[in-house]
2 protein chains.
Amino acid sequence: MSVTFAQGFKAAGVVAGISTHEGKRDLAIVVNEGPLDAAAGVFTPNRFCAAPVQWSRIAIQDGHLKGIVVNSGGANACTGQAGYEQSSQTAHELARMAHCEDTDIAVASTGLIGELLPLDHVLHGVHDAYEAMEEDAEAGDNAAHAIMTTDTKPKTVEIQGSGYRVGGMVKGSGMIAPQLATMICILTTDAVVTPKQAHDAVCRGTQTSFNRIDVDGCMSTNDTVILMASGASGVTPDIEEFKDSVAQACASLAHQIVGDGEGSSHDVDMTVIGASDEQAALACARAVASSNLMKCAIAGNDPNWGRVVSSIGTVPESIAPYDPNQVTVDINGVRVCDGGKPGQDRSLVDMTPRHVDIVINLHAGESQGTIWTDDLTHEYVRINSDYES
Amino acid sequence: MSVTFAQGFKAAGVVAGISTHEGKRDLAIVVNEGPLDAAAGVFTPNRFCAAPVQWSRIAIQDGHLKGIVVNSGGANACTGQAGYEQSSQTAHELARMAHCEDTDIAVASTGLIGELLPLDHVLHGVHDAYEAMEEDAEAGDNAAHAIMTTDTKPKTVEIQGSGYRVGGMVKGSGMIAPQLATMICILTTDAVVTPKQAHDAVCRGTQTSFNRIDVDGCMSTNDTVILMASGASGVTPDIEEFKDSVAQACASLAHQIVGDGEGSSHDVDMTVIGASDEQAALACARAVASSNLMKCAIAGNDPNWGRVVSSIGTVPESIAPYDPNQVTVDINGVRVCDGGKPGQDRSLVDMTPRHVDIVINLHAGESQGTIWTDDLTHEYVRINSDYES
């Protein structure tokens with residue numbers, strides 16, 4: 001279903017010959033058939049942001065988009081002026097076929113950094129995709145497949161609101177966990193919303209989902225989250241409910257990314273409670289979630305609370321006030337650290353389930369926050385030594 | 001040679017039965033026979049600092065130490081009041097034999113967090129070590145062996161100054177690279193220096209060595225660097241030369257740590273030049289050095305400059321001003337990125353040597369800085385999934 005779950009959208013995913021994996025779908029388009037064309041986006045803050053990000057930031061500035069082209073097989077990042085022209089020509093090709101302005105089309109790319117795209121393949125792909133696009137579930141699925149790189153499966157979401165729908169697809173896997181993986185998320189809705197409302201929804205949705213994945217989410221050269229609204233349901237939603245729907249869609253997709261962590265064997269919810277404020281909770285959760293030692297321990301089914309507390313010990317007191325002698329750590333429900341000292345026997349912890357819950361209580365306030373991450377396995381290293389990105 | 005290279009020091013490394021590896025030397029002592037007993041230390045800023053760190057901070061406050069006990073096989077961290085008493089009793093045992101105050105003895109521990117030490121083994125070990133201690137090279141080597149944990153080899157240094165000597169040993173391996181590994185460094189000198197001069201020397205030495213290893217050096221619960229001065233040479237050194245000697249000793253030991261990175265297959269010098277100031281250079285070098293993606297690429301012999309620039313792209317402009325379109329990256333002498341775009345063909349880079357030189361020029365000033373790191377291999381994951389620390 002994916003992006004075609006919401007009414008008013010057509011999509012396609014085609015084999016354009018950009019990817020080195022022969023026969024892999026590697027180019028997707030999503031076209032908003034209206035009646036509205038409100039849109040909003042959030043992009044990487046990376047200072048080496050890719051050409052398609054530079055293009056799309058400008059395209060979306062007026063709050064309107066007719067469609068988007070996403071390719072895998074090449075990031076078109078660090079490619080200078082020539083790369084920027086490739087993005088603009090890609091947009092132009094879809095604009096030409098969809099009878100709109102070039103700046104009504106966004107572009108997103110993912111793959112190897114530092115190489116230009118095979119532009120003729122991209123342009124042919126856009127043409128083929130426009131010819132092939134449909135509003136059915138299969139078309140949405142094809143699009144979700146076309147944006148995958150090291151993902152092991154497509155990731156899609158469908159949220160039914162009160163008379164409106166939100167659909168979406170995302171690309172990204174465990175590389176995100178440490179840093180710098182590209183995450184591309186396309187959301188669609190048939191709700192009647194303004195560009196400003198779309199913007200608020202996508203900002204809040206991103207904040208409580210993709211920005212909660214491990215430590216450095218959203219810092220690749222190409223990260224892109226775009227929401228397009230067709231208004232095809234005719235329903236003007238309660239705006240808080242709408243924002244919740246978008247946040248729910250983002251959270252589902254973010255969880256799917258963690259679940260598809262490259263070579264990961266555990267998903268981890270790292271929750272800090274009893275914090276003085278939410279930022280303190282998130283800073284501590286991120287400190288633990290970003291520790292390679294902790295990630296290796298989890299891969300080895302070791303409920304190593306020593307690595308948990310020594311990680312939160314690196315967070316400055318000015319950011320997260322707490323007394324180390326008050327801190328407790330529960331791993332999968334067992335209080336392995338109590339008051340900064342050993343608690344129940346760590347052998348009581350069952351680490352065999354894929355899902356691991358780590359709850360740290362700072363006993364310093366009422367706030368809490370969760371970061372989602374995965375473990376660090378041999379397989380992760382294999383994938384990322386072999387894959388050029 | 002190690003710590004016994006400097007005159008006026010006796011050392012021993014004995015099998016105390018603390019480590020689970022039967023027959024491994026696991027307790028070292030270093031005793032200053034004078035005539036002076038100036039000393040200085042630098043300790044982890046981790047808020048969950050271990051009992052021996054708490055003890056030694058107090059012991060060294062007056063600038064004097066008679067000796068130190070170091071054990072592997074247990075960190076005595078997150079062990080509460082009972083752990084603190086173990087450190088104080090350990091100090092007391094050596095003080096009793098050496099006829100000094102308890103607070104003239106420092107203690108350092110490394111190993112698993114969250115468990116008390118087998119105190120009777122420790123105390124017997126101190127007794128045996130005191131009986132066995134010698135001032136010869138073998139004694140220094142035994143001590144260097146006794147402080148090892150996942151280290152694959154002992155790490156020692158000998159620096160000959162103008163009429164004085166600096167010796168040292170360190171424990172620590174690649175775990176330091178990501179975060180939280182324990183690093184314990186004991187330096188000795190027979191130069192005639194004051195506690196203040198020893199303090200200045202050890203601070204500067206640490207700043208330009210152990211604090212330049214990857215991103216989060218010196219943040220475990222147990223990190224300890226101690227310098228003891230016996231004055232046995234009778235030589236009052238030029239103080240700048242003395243600080244240089246200590247810095248040189250620290251740099252050698254830090255390089256040995258990186259060279260012994262757990263399961264690493266490459267050492268990497270990550271150098272940023274053309275920075276607006278040294279902090280900007282180090283911030284960018286650390287951003288790259290801490291990227292798991294970059295470390296995996298190096299393990300796979302992939303000169304992946306895309307991962308270099310996308311990492312420095314995460315450093316805020318307020319910290320490191322530069323223009324992405326001016327940045328160059330040289331890997332092992334080949335300019336693979338020129339002006340933010342592809343430069344020479346990456347296939348020209350020879351990645352087979354163990355040592356890898358990455359030089360990033362920001363073209364934003366005259367300052368520079370280097371961070372030393374290693375790569376991320378299967379072997380690293382294996383070691384850190386299996387080892388409980």
# chains A, B, ... in the order shown; residues from 1 in each chain; ligands from 1
$ select_by_dssp --residues "range 100-244 of chain A" --states "helix (DSSP H, G or I)" --output "VMD selection string"
chain A and resid 102 to 104 119 to 132 137 to 146 174 to 176 195 to 207 210 to 212 239 to 244
$ atom_distance --atom1 "CA of Met169 in chain B" --atom2 "CA of Pro154 in chain B"
7.8 Å
$ select_by_dssp --residues "range 186-268 of chain B" --states "strand (DSSP E)" --output "MDAnalysis selection string"
chainID B and resid 186:189 224:229 267:268
$ residues_around --residues "Arg57 in chain A" --least-positions-apart "2" --cutoff "12 Å" --atoms "only C-alpha atoms" --output "mmCIF file with C-alpha atoms, in the first residue's frame"
data_model
loop_
_atom_site.group_PDB
_atom_site.id
_atom_site.type_symbol
_atom_site.label_atom_id
_atom_site.label_comp_id
_atom_site.auth_asym_id
_atom_site.auth_seq_id
_atom_site.Cartn_x
_atom_site.Cartn_y
_atom_site.Cartn_z
ATOM 1 C CA ALA A 39 3.782 19.764 1.049
ATOM 2 C CA ALA A 40 6.469 20.075 3.690
ATOM 3 C CA GLY A 41 9.910 18.614 4.201
ATOM 4 C CA VAL A 42 12.690 18.155 6.711
ATOM 5 C CA PHE A 43 16.243 17.725 5.477
ATOM 6 C CA THR A 44 19.664 16.788 6.799
ATOM 7 C CA PRO A 45 21.611 19.512 8.596
ATOM 8 C CA CYS A 49 24.244 18.034 1.908
ATOM 9 C CA ALA A 50 23.673 16.351 -1.428
ATOM 10 C CA ALA A 51 22.543 17.995 -4.671
ATOM 11 C CA PRO A 52 18.970 16.581 -4.458
ATOM 12 C CA VAL A 53 18.661 18.005 -0.929
ATOM 13 C CA GLN A 54 19.792 21.394 -2.161
ATOM 14 C CA TRP A 55 17.269 21.191 -4.989
ATOM 15 C CA ALA A 59 11.402 23.301 -4.454
ATOM 16 C CA ILE A 60 9.430 22.854 -1.246
ATOM 17 C CA GLN A 61 9.959 26.371 0.068
ATOM 18 C CA ASP A 62 6.572 27.584 -1.213
ATOM 19 C CA GLY A 63 4.751 24.719 0.544
ATOM 20 C CA HIS A 64 3.645 22.997 -2.652
ATOM 21 C CA LEU A 65 4.774 19.900 -4.562
ATOM 22 C CA SER A 87 18.897 16.939 -9.824
ATOM 23 C CA THR A 103 10.156 23.549 -8.760
ATOM 24 C CA ASP A 104 6.939 21.601 -8.114
ATOM 25 C CA ILE A 105 9.054 18.440 -8.139
ATOM 26 C CA ALA A 106 11.329 17.275 -5.323
ATOM 27 C CA VAL A 107 14.216 14.830 -5.794
ATOM 28 C CA ALA A 108 15.884 12.423 -3.373
ATOM 29 C CA ASN A 222 20.957 12.913 1.900
ATOM 30 C CA ASP A 223 18.379 12.561 4.696
ATOM 31 C CA THR A 224 14.974 13.648 3.525
ATOM 32 C CA VAL A 225 11.465 13.477 4.969
ATOM 33 C CA ILE A 226 8.681 14.791 2.763
#
$ closest_residue --among "A:Asp350, A:Glu241, A:Asp357, A:Asp375" --to "Ser291 in chain A" --atoms "only C-alpha atoms"
A:Asp375
$ residues_around --residues "His255 in chain B" --least-positions-apart "2" --cutoff "12 Å" --atoms "only C-alpha atoms" --output "VMD selection string"
chain B and resid 155 to 157 170 to 174 176 to 177 208 to 214 248 to 253 257 to 261 267 to 269 355 371 to 374
$ residues_around --residues "Gly333 in chain A" --least-positions-apart "4" --cutoff "10 Å" --atoms "only C-alpha atoms" --output "VMD selection string"
chain A and resid 329 348 to 350 356 to 359
$ write_last_selection --atoms "N, CA, C and O atoms" --output "PDB file, in the first residue's frame"
ATOM      1  N   VAL A 329      19.153   0.428  37.106  1.00  0.00           N
ATOM      2  CA  VAL A 329      19.081  -0.037  35.714  1.00  0.00           C
ATOM      3  C   VAL A 329      18.310  -1.354  35.691  1.00  0.00           C
ATOM      4  O   VAL A 329      18.685  -2.305  36.390  1.00  0.00           O
ATOM      5  N   LEU A 348      19.787 -13.652  35.844  1.00  0.00           N
ATOM      6  CA  LEU A 348      18.319 -13.739  35.797  1.00  0.00           C
ATOM      7  C   LEU A 348      17.744 -13.112  34.530  1.00  0.00           C
ATOM      8  O   LEU A 348      16.573 -13.302  34.209  1.00  0.00           O
ATOM      9  N   VAL A 349      18.568 -12.331  33.827  1.00  0.00           N
ATOM     10  CA  VAL A 349      18.059 -11.615  32.654  1.00  0.00           C
ATOM     11  C   VAL A 349      17.996 -12.549  31.444  1.00  0.00           C
ATOM     12  O   VAL A 349      18.992 -13.181  31.101  1.00  0.00           O
ATOM     13  N   ASP A 350      16.829 -12.612  30.824  1.00  0.00           N
ATOM     14  CA  ASP A 350      16.675 -13.396  29.593  1.00  0.00           C
ATOM     15  C   ASP A 350      16.978 -12.483  28.402  1.00  0.00           C
ATOM     16  O   ASP A 350      16.204 -11.580  28.087  1.00  0.00           O
ATOM     17  N   VAL A 356      14.946  -5.913  23.380  1.00  0.00           N
ATOM     18  CA  VAL A 356      15.568  -5.700  24.688  1.00  0.00           C
ATOM     19  C   VAL A 356      15.098  -4.361  25.244  1.00  0.00           C
ATOM     20  O   VAL A 356      15.123  -3.349  24.542  1.00  0.00           O
ATOM     21  N   ASP A 357      14.640  -4.381  26.505  1.00  0.00           N
ATOM     22  CA  ASP A 357      14.179  -3.164  27.171  1.00  0.00           C
ATOM     23  C   ASP A 357      15.175  -2.780  28.256  1.00  0.00           C
ATOM     24  O   ASP A 357      15.381  -3.541  29.202  1.00  0.00           O
ATOM     25  N   ILE A 358      15.785  -1.619  28.106  1.00  0.00           N
ATOM     26  CA  ILE A 358      16.682  -1.133  29.156  1.00  0.00           C
ATOM     27  C   ILE A 358      16.062   0.132  29.735  1.00  0.00           C
ATOM     28  O   ILE A 358      15.763   1.076  28.999  1.00  0.00           O
ATOM     29  N   VAL A 359      15.805   0.118  31.034  1.00  0.00           N
ATOM     30  CA  VAL A 359      15.184   1.272  31.692  1.00  0.00           C
ATOM     31  C   VAL A 359      16.131   1.774  32.779  1.00  0.00           C
ATOM     32  O   VAL A 359      16.489   1.040  33.698  1.00  0.00           O
TER      33      VAL A 359
END
$ atom_distance --atom1 "CA of Glu240 in chain B" --atom2 "CA of Asp141 in chain B"
28.8 Å
$ closest_residue --among "A:Asp238, A:Asp102, A:Pro303, A:Gly369" --to "Gln344 in chain A" --atoms "only C-alpha atoms"
A:Pro303
$ atom_distance --atom1 "CA of Ala229 in chain A" --atom2 "CA of Glu33 in chain A"
9.7 Å
$ residues_around --residues "Leu116 in chain B" --least-positions-apart "2" --cutoff "9 Å" --atoms "only C-alpha atoms" --output "PyMOL selection string"
chain B and resi 74-79+82-83+86+113-114+118-119
$ write_last_selection --atoms "N, CA and C atoms" --output "PDB file, in the first residue's frame"
ATOM      1  N   GLY B  74      39.421  -7.019  37.778  1.00  0.00           N
ATOM      2  CA  GLY B  74      38.249  -6.450  38.449  1.00  0.00           C
ATOM      3  C   GLY B  74      38.415  -4.952  38.564  1.00  0.00           C
ATOM      4  N   ALA B  75      37.366  -4.191  38.191  1.00  0.00           N
ATOM      5  CA  ALA B  75      37.474  -2.732  38.158  1.00  0.00           C
ATOM      6  C   ALA B  75      37.134  -2.092  39.497  1.00  0.00           C
ATOM      7  N   ASN B  76      36.473  -2.831  40.363  1.00  0.00           N
ATOM      8  CA  ASN B  76      35.997  -2.252  41.627  1.00  0.00           C
ATOM      9  C   ASN B  76      35.252  -0.937  41.370  1.00  0.00           C
ATOM     10  N   ALA B  77      34.413  -0.946  40.360  1.00  0.00           N
ATOM     11  CA  ALA B  77      33.597   0.223  40.013  1.00  0.00           C
ATOM     12  C   ALA B  77      32.138  -0.118  40.263  1.00  0.00           C
ATOM     13  N   CYS B  78      31.353   0.872  40.676  1.00  0.00           N
ATOM     14  CA  CYS B  78      29.934   0.652  40.996  1.00  0.00           C
ATOM     15  C   CYS B  78      29.813  -0.413  42.088  1.00  0.00           C
ATOM     16  N   THR B  79      30.600  -0.248  43.106  1.00  0.00           N
ATOM     17  CA  THR B  79      30.622  -1.215  44.198  1.00  0.00           C
ATOM     18  C   THR B  79      30.347  -0.553  45.543  1.00  0.00           C
ATOM     19  N   ALA B  82      31.425  -0.503  50.122  1.00  0.00           N
ATOM     20  CA  ALA B  82      32.238  -1.708  50.302  1.00  0.00           C
ATOM     21  C   ALA B  82      33.440  -1.699  49.363  1.00  0.00           C
ATOM     22  N   GLY B  83      33.230  -1.217  48.140  1.00  0.00           N
ATOM     23  CA  GLY B  83      34.324  -1.135  47.182  1.00  0.00           C
ATOM     24  C   GLY B  83      35.370  -0.118  47.617  1.00  0.00           C
ATOM     25  N   GLN B  86      37.552  -1.574  50.095  1.00  0.00           N
ATOM     26  CA  GLN B  86      38.552  -2.478  49.506  1.00  0.00           C
ATOM     27  C   GLN B  86      39.771  -1.707  49.008  1.00  0.00           C
ATOM     28  N   ILE B 113      33.104  -4.338  35.694  1.00  0.00           N
ATOM     29  CA  ILE B 113      32.441  -3.353  36.544  1.00  0.00           C
ATOM     30  C   ILE B 113      31.373  -4.046  37.388  1.00  0.00           C
ATOM     31  N   GLY B 114      31.174  -3.554  38.619  1.00  0.00           N
ATOM     32  CA  GLY B 114      30.010  -3.985  39.392  1.00  0.00           C
ATOM     33  C   GLY B 114      30.229  -5.204  40.258  1.00  0.00           C
ATOM     34  N   PRO B 118      38.164  -9.980  45.053  1.00  0.00           N
ATOM     35  CA  PRO B 118      38.464 -11.001  46.072  1.00  0.00           C
ATOM     36  C   PRO B 118      39.559 -10.422  46.976  1.00  0.00           C
ATOM     37  N   LEU B 119      39.149  -9.744  48.052  1.00  0.00           N
ATOM     38  CA  LEU B 119      40.079  -8.889  48.796  1.00  0.00           C
ATOM     39  C   LEU B 119      41.262  -9.655  49.376  1.00  0.00           C
TER      40      LEU B 119
END
$ closest_residue --among "A:Val246, A:Met219, A:Ile319, A:Cys203" --to "chain B" --atoms "only C-alpha atoms"
A:Met219
$ closest_residue --among "B:Cys284, B:Ala247, B:Leu362, B:Ala297" --to "chain A" --atoms "only C-alpha atoms"
B:Ala297
